[in-house]
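Reading through the structure tokens given below for one structure.
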Amino acid sequence: MIGIIFRYLFAEVGRTWLVVAGVLVFLTLGLGFARFIADAAAGELPVNTVLELAVFKLVENLEIVLPVSMLLGVLLTFGRLCRDNELAALFAGGAGLSTVYKPFVALALAVATFSGVMSVIAAPHAERALARVGAEGATTVLQMLEPGRFRTFLDGDAVFYAESRDADDNLRDVFIRVVRESSQGTSTQTIVTADRARQQVDDDSGAITLILDNGWRYEGNPGEASYRVIQFAEHGVQLSPPTGGASDKVATRSTLSLIESDDPEAAAEWQKRLSVPLSVLILTLIAMPLGRVPPRAGRYGRVIAGVLVYVIYINAVHLAAVAIEDRTIPAVIGVWWVHLIALAVALAMLAREQGVFARRRAARGASA
């Protein structure tokens with residue numbers, strides 16, 4: 001009998017969790033895809049990297065999706081069981097709270113394990129992949145420039161135009177205009193026209209140089225004594241080297257290297273990563289007693305309260321991590337005090353469900 005109840009409740013909460021998690025994953029992936037599509041349309045990213053970037057961003061966002069999806073899955077499942085009087089029937093049939101809660105805890109352990117792998121191992125890899133794809137995108141400057149369309153850079157101070165693109169992926173009939181402020185505080189402009197623009201990448205430094213062939217360079221303002229006209233056969237324009245491939249941000253570092261580091265920022269990062277599976281388990285413990293509602297309350301009766309608990313809990317973890325970075329809180333204390341408080345609240349709610357407090361009050365009243 002207990003096995004049947006376990007399988008039934010596990011299937012119910014598992015199905016609900018999968019639906020909630022699927023919706024959140026779809027929304028997260030869609031939002032990331034829309035953002036990168038907008039960047040690609042603006043010419044800031046190559047179009048062929050949009051889907052890859054959106055998937056890597058989704059892996060990063062799973063640390064948010066998995067805990068909240070588990071919380072909502074448990075709340076919605078308990079809400080349905082209470083609404084249809086199934087929970088009351090289980091208790092009337094002799095099932096205890098431990099029997100009812102075991103399937104939810106079992107699923108929470110599985111989701112916590114998966115979320116731990118994602119946050120501790122996969123998320124840093126995704127962050128490094130985002131940096132790598134961004135660096136590769138930076139080395140394909142010419143691919144992001146659409147022929148026959150004016151592009152502005154540097155807040156409108158630079159304008160680029162090319163009439164066409166040849167078979168070798170080089171731009172033809174190029175026009176560049178850059179406006180700068182001189183040392184005297186006056187604006188001066190540089191105009192460059194060239195028959196062809198091609199790209200050159202230094203293998204050692206990663207520096208990108210835009211090579212212009214057979215063109216003219218006009219410097220200064222017409223009519224001024226400093227105005228110059230220069231004809232060139234080849235002219236190189238140094239662009240910023242990509243920085244993503246060599247990024248040393250803590251988010252891209254492995255969890256083991258962060259644990260071995262004495263840097264407060266590293267301590268805050270690895271503690272936040274470990275907080276993801278812990279939050280899945282603690283939020284499940286909170287959601288089980290919180291999800292029990294009167295039959296007429298409906299399955300969505302406690303969802304708002306659950307979301308509020310999630311927001312307070314997760315924000316407290318992030319605030320504690322910021323305090324570690326600022327050295328306000330020692331790394332030894334870290335974010336663990338937030339989890340301990342949340343766990344104490346969860347255990348108190350479970351004890352209340354078991355009638356521990358009522359029995360103690362009754363025992364004190366009898367002794368009095």
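The way I read the labels, and the way they are meant: chains A, B, ... in the order of the structure tokens, residue 1 as the first residue of every chain, and ligand 1 as the first ligand shown, with later ones counted on from there.
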Show me, as a list in words, the residues that have an atom within 12 Å of Asp263 in chain A when counting only C-alpha atoms, minus same-chain residues fewer than 5 positions from it.
Val250, Ser257, Leu258, Ala268, Glu269, Trp270, Ile324, Glu325, Asp326, Arg327, Pro330 and Ala331 of chain A
Within 12 Å of Glu86 in chain A using only C-alpha atoms, minus same-chain residues under 2 positions, as a list in words:
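Using only C-alpha atoms, the neighbours found are Ile5, Tyr8, Leu9, Glu12, Thr77, Phe78, Gly79, Arg80, Leu81, Cys82, Arg83, Asp84, Ala88, Ala89, Leu90, Phe91, Ala92, Gly93, Ala95, Val100, Arg292, Pro294 and Pro295 of chain A.
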Give me, as a list of chain:residue names, all polymer residues having an atom no more than 6 Å from range 70-75 of chain A, counting only C-alpha atoms and skipping those fewer than 6 positions away in the same chain.
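Using only C-alpha atoms, the neighbours found are A:Thr16, A:Trp17, A:Leu283, A:Thr284, A:Ala287, A:Gly291.
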Write to file, as a short mmCIF file (atom, residue, chain, number, x, y, z; two decimals), in the first residue's frame, the residues of the selection just made, with N, CA, C and O atoms.
```
data_model
loop_
_atom_site.label_atom_id
_atom_site.label_comp_id
_atom_site.auth_asym_id
_atom_site.auth_seq_id
_atom_site.Cartn_x
_atom_site.Cartn_y
_atom_site.Cartn_z
N THR A 16 3.85 17.48 -12.48
CA THR A 16 3.63 18.91 -12.29
C THR A 16 4.94 19.68 -12.38
O THR A 16 5.01 20.75 -12.99
N TRP A 17 5.99 19.13 -11.75
CA TRP A 17 7.29 19.80 -11.81
C TRP A 17 7.81 19.91 -13.25
O TRP A 17 8.34 20.94 -13.65
N LEU A 283 13.53 24.69 0.06
CA LEU A 283 12.26 25.20 -0.47
C LEU A 283 11.22 24.09 -0.55
O LEU A 283 10.02 24.34 -0.35
N THR A 284 11.64 22.88 -0.83
CA THR A 284 10.70 21.75 -0.84
C THR A 284 10.15 21.48 0.55
O THR A 284 8.95 21.25 0.74
N ALA A 287 7.67 24.15 1.20
CA ALA A 287 6.48 24.09 0.34
C ALA A 287 5.51 23.00 0.78
O ALA A 287 4.29 23.15 0.58
N GLY A 291 1.88 24.15 1.30
CA GLY A 291 0.94 23.81 0.23
C GLY A 291 -0.36 23.21 0.70
O GLY A 291 -1.32 23.11 -0.09
#
```
Atom pair CA of Gln200 in chain A + CA of Phe56 in chain A, distance 28.2 Å
Show me, as a PyMOL selection string, the residues that have an atom within 8 Å of Phe33 in chain A when counting only C-alpha atoms, minus same-chain residues fewer than 5 positions from it.
chain A and resi 50-51+53-54
Within 10 Å of Trp336 in chain A, counting only C-alpha atoms, which residues show up once you throw out same-chain ones fewer than 2 positions away? Write them as a PyMOL selection string, please.
chain A and resi 271-272+275+278+317+320-321+331-334+338-342
Give me a file of those residues, with C-alpha atoms, as a CSV table (one decimal), in the first residue's frame.
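The resulting selection-v8.csv:
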```csv
chain,number,residue,atom,x,y,z
A,271,GLN,CA,29.0,29.5,-1.9
A,272,LYS,CA,26.3,30.8,-4.3
A,275,SER,CA,23.4,27.3,-2.5
A,278,LEU,CA,20.5,23.5,-0.9
A,317,VAL,CA,21.5,34.6,-0.2
A,320,ALA,CA,25.0,37.6,2.0
A,321,ALA,CA,27.3,36.9,-1.0
A,331,ALA,CA,33.7,33.8,4.4
A,332,VAL,CA,33.4,31.2,7.2
A,333,ILE,CA,29.9,32.5,8.1
A,334,GLY,CA,29.2,33.2,4.4
A,338,VAL,CA,20.6,32.3,5.5
A,339,HIS,CA,20.2,28.6,4.8
A,340,LEU,CA,20.2,27.8,8.5
A,341,ILE,CA,17.4,30.3,9.1
A,342,ALA,CA,15.4,29.0,6.2
```
Might you pull out every residue within 10 Å of Phe114 in chain A, with only C-alpha atoms counted and same-chain residues fewer than 6 positions away left off, and present them as a list in words?
Leu66, Ala108 and Pro277 of chain A
Residues from the last selection, all heavy atoms, saved as a compact mmCIF listing (two decimals), in the first residue's frame:
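again-v8.txt was written with the following content:
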```
# COMPACT_ATOMS: atom_id res chain seq x y z
N LEU A 66 15.42 25.94 -11.61
CA LEU A 66 15.22 24.68 -10.89
C LEU A 66 14.65 24.86 -9.48
O LEU A 66 13.69 24.17 -9.12
CB LEU A 66 16.54 23.89 -10.86
CG LEU A 66 17.00 23.36 -12.22
CD1 LEU A 66 18.37 22.73 -12.11
CD2 LEU A 66 15.99 22.37 -12.78
N ALA A 108 12.81 15.94 -4.73
CA ALA A 108 13.66 17.08 -4.39
C ALA A 108 15.13 16.67 -4.37
O ALA A 108 16.00 17.43 -4.83
CB ALA A 108 13.25 17.65 -3.04
N PRO A 277 21.59 23.72 -4.99
CA PRO A 277 20.96 22.46 -4.54
C PRO A 277 20.40 22.56 -3.12
O PRO A 277 19.37 21.94 -2.82
CB PRO A 277 22.10 21.44 -4.62
CG PRO A 277 23.36 22.24 -4.61
CD PRO A 277 23.02 23.52 -5.30
```
Using only C-alpha atoms, can you tell me which of A:Phe232, A:Tyr310, A:Trp216, A:Phe10 comes closest to Ile64 in chain A?
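Of all the options, A:Tyr310 lies closest to Ile64 in chain A.
Closest approach to Gly236 in chain A among A:Gly215, A:Gly306, A:Pro222, A:Pro103 is made by A:Gly215 (distances from only C-alpha atoms).
Residues in contact with Ile121 in chain A at up to 10 Å, not including ones fewer than 6 positions away on its chain and judged by only C-alpha atoms, are Ser115, Arg253, Ser254, Thr255, Leu256 and Arg273 of chain A.
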Between CA of Met349 in chain A and CA of Val13 in chain A, what is the distance in Å, rounded to a tenth?
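These atoms are spaced 20.2 Å apart.
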Pairwise distance for CA of Leu281 in chain A and CA of Ala106 in chain A, rounded to one decimal in Å:
9.9 Å
Could you write out, as a PyMOL selection string, all the residues of range 25-256 of chain A that DSSP marks as strand (DSSP E)?
chain A and resi 151-153+158-165+171-181+187-201+208-219+228-239
Could you check which of A:Val178, A:Ile259, A:Leu58, A:Val159 is closest to Glu219 in chain A, using only C-alpha atoms?
A:Val178
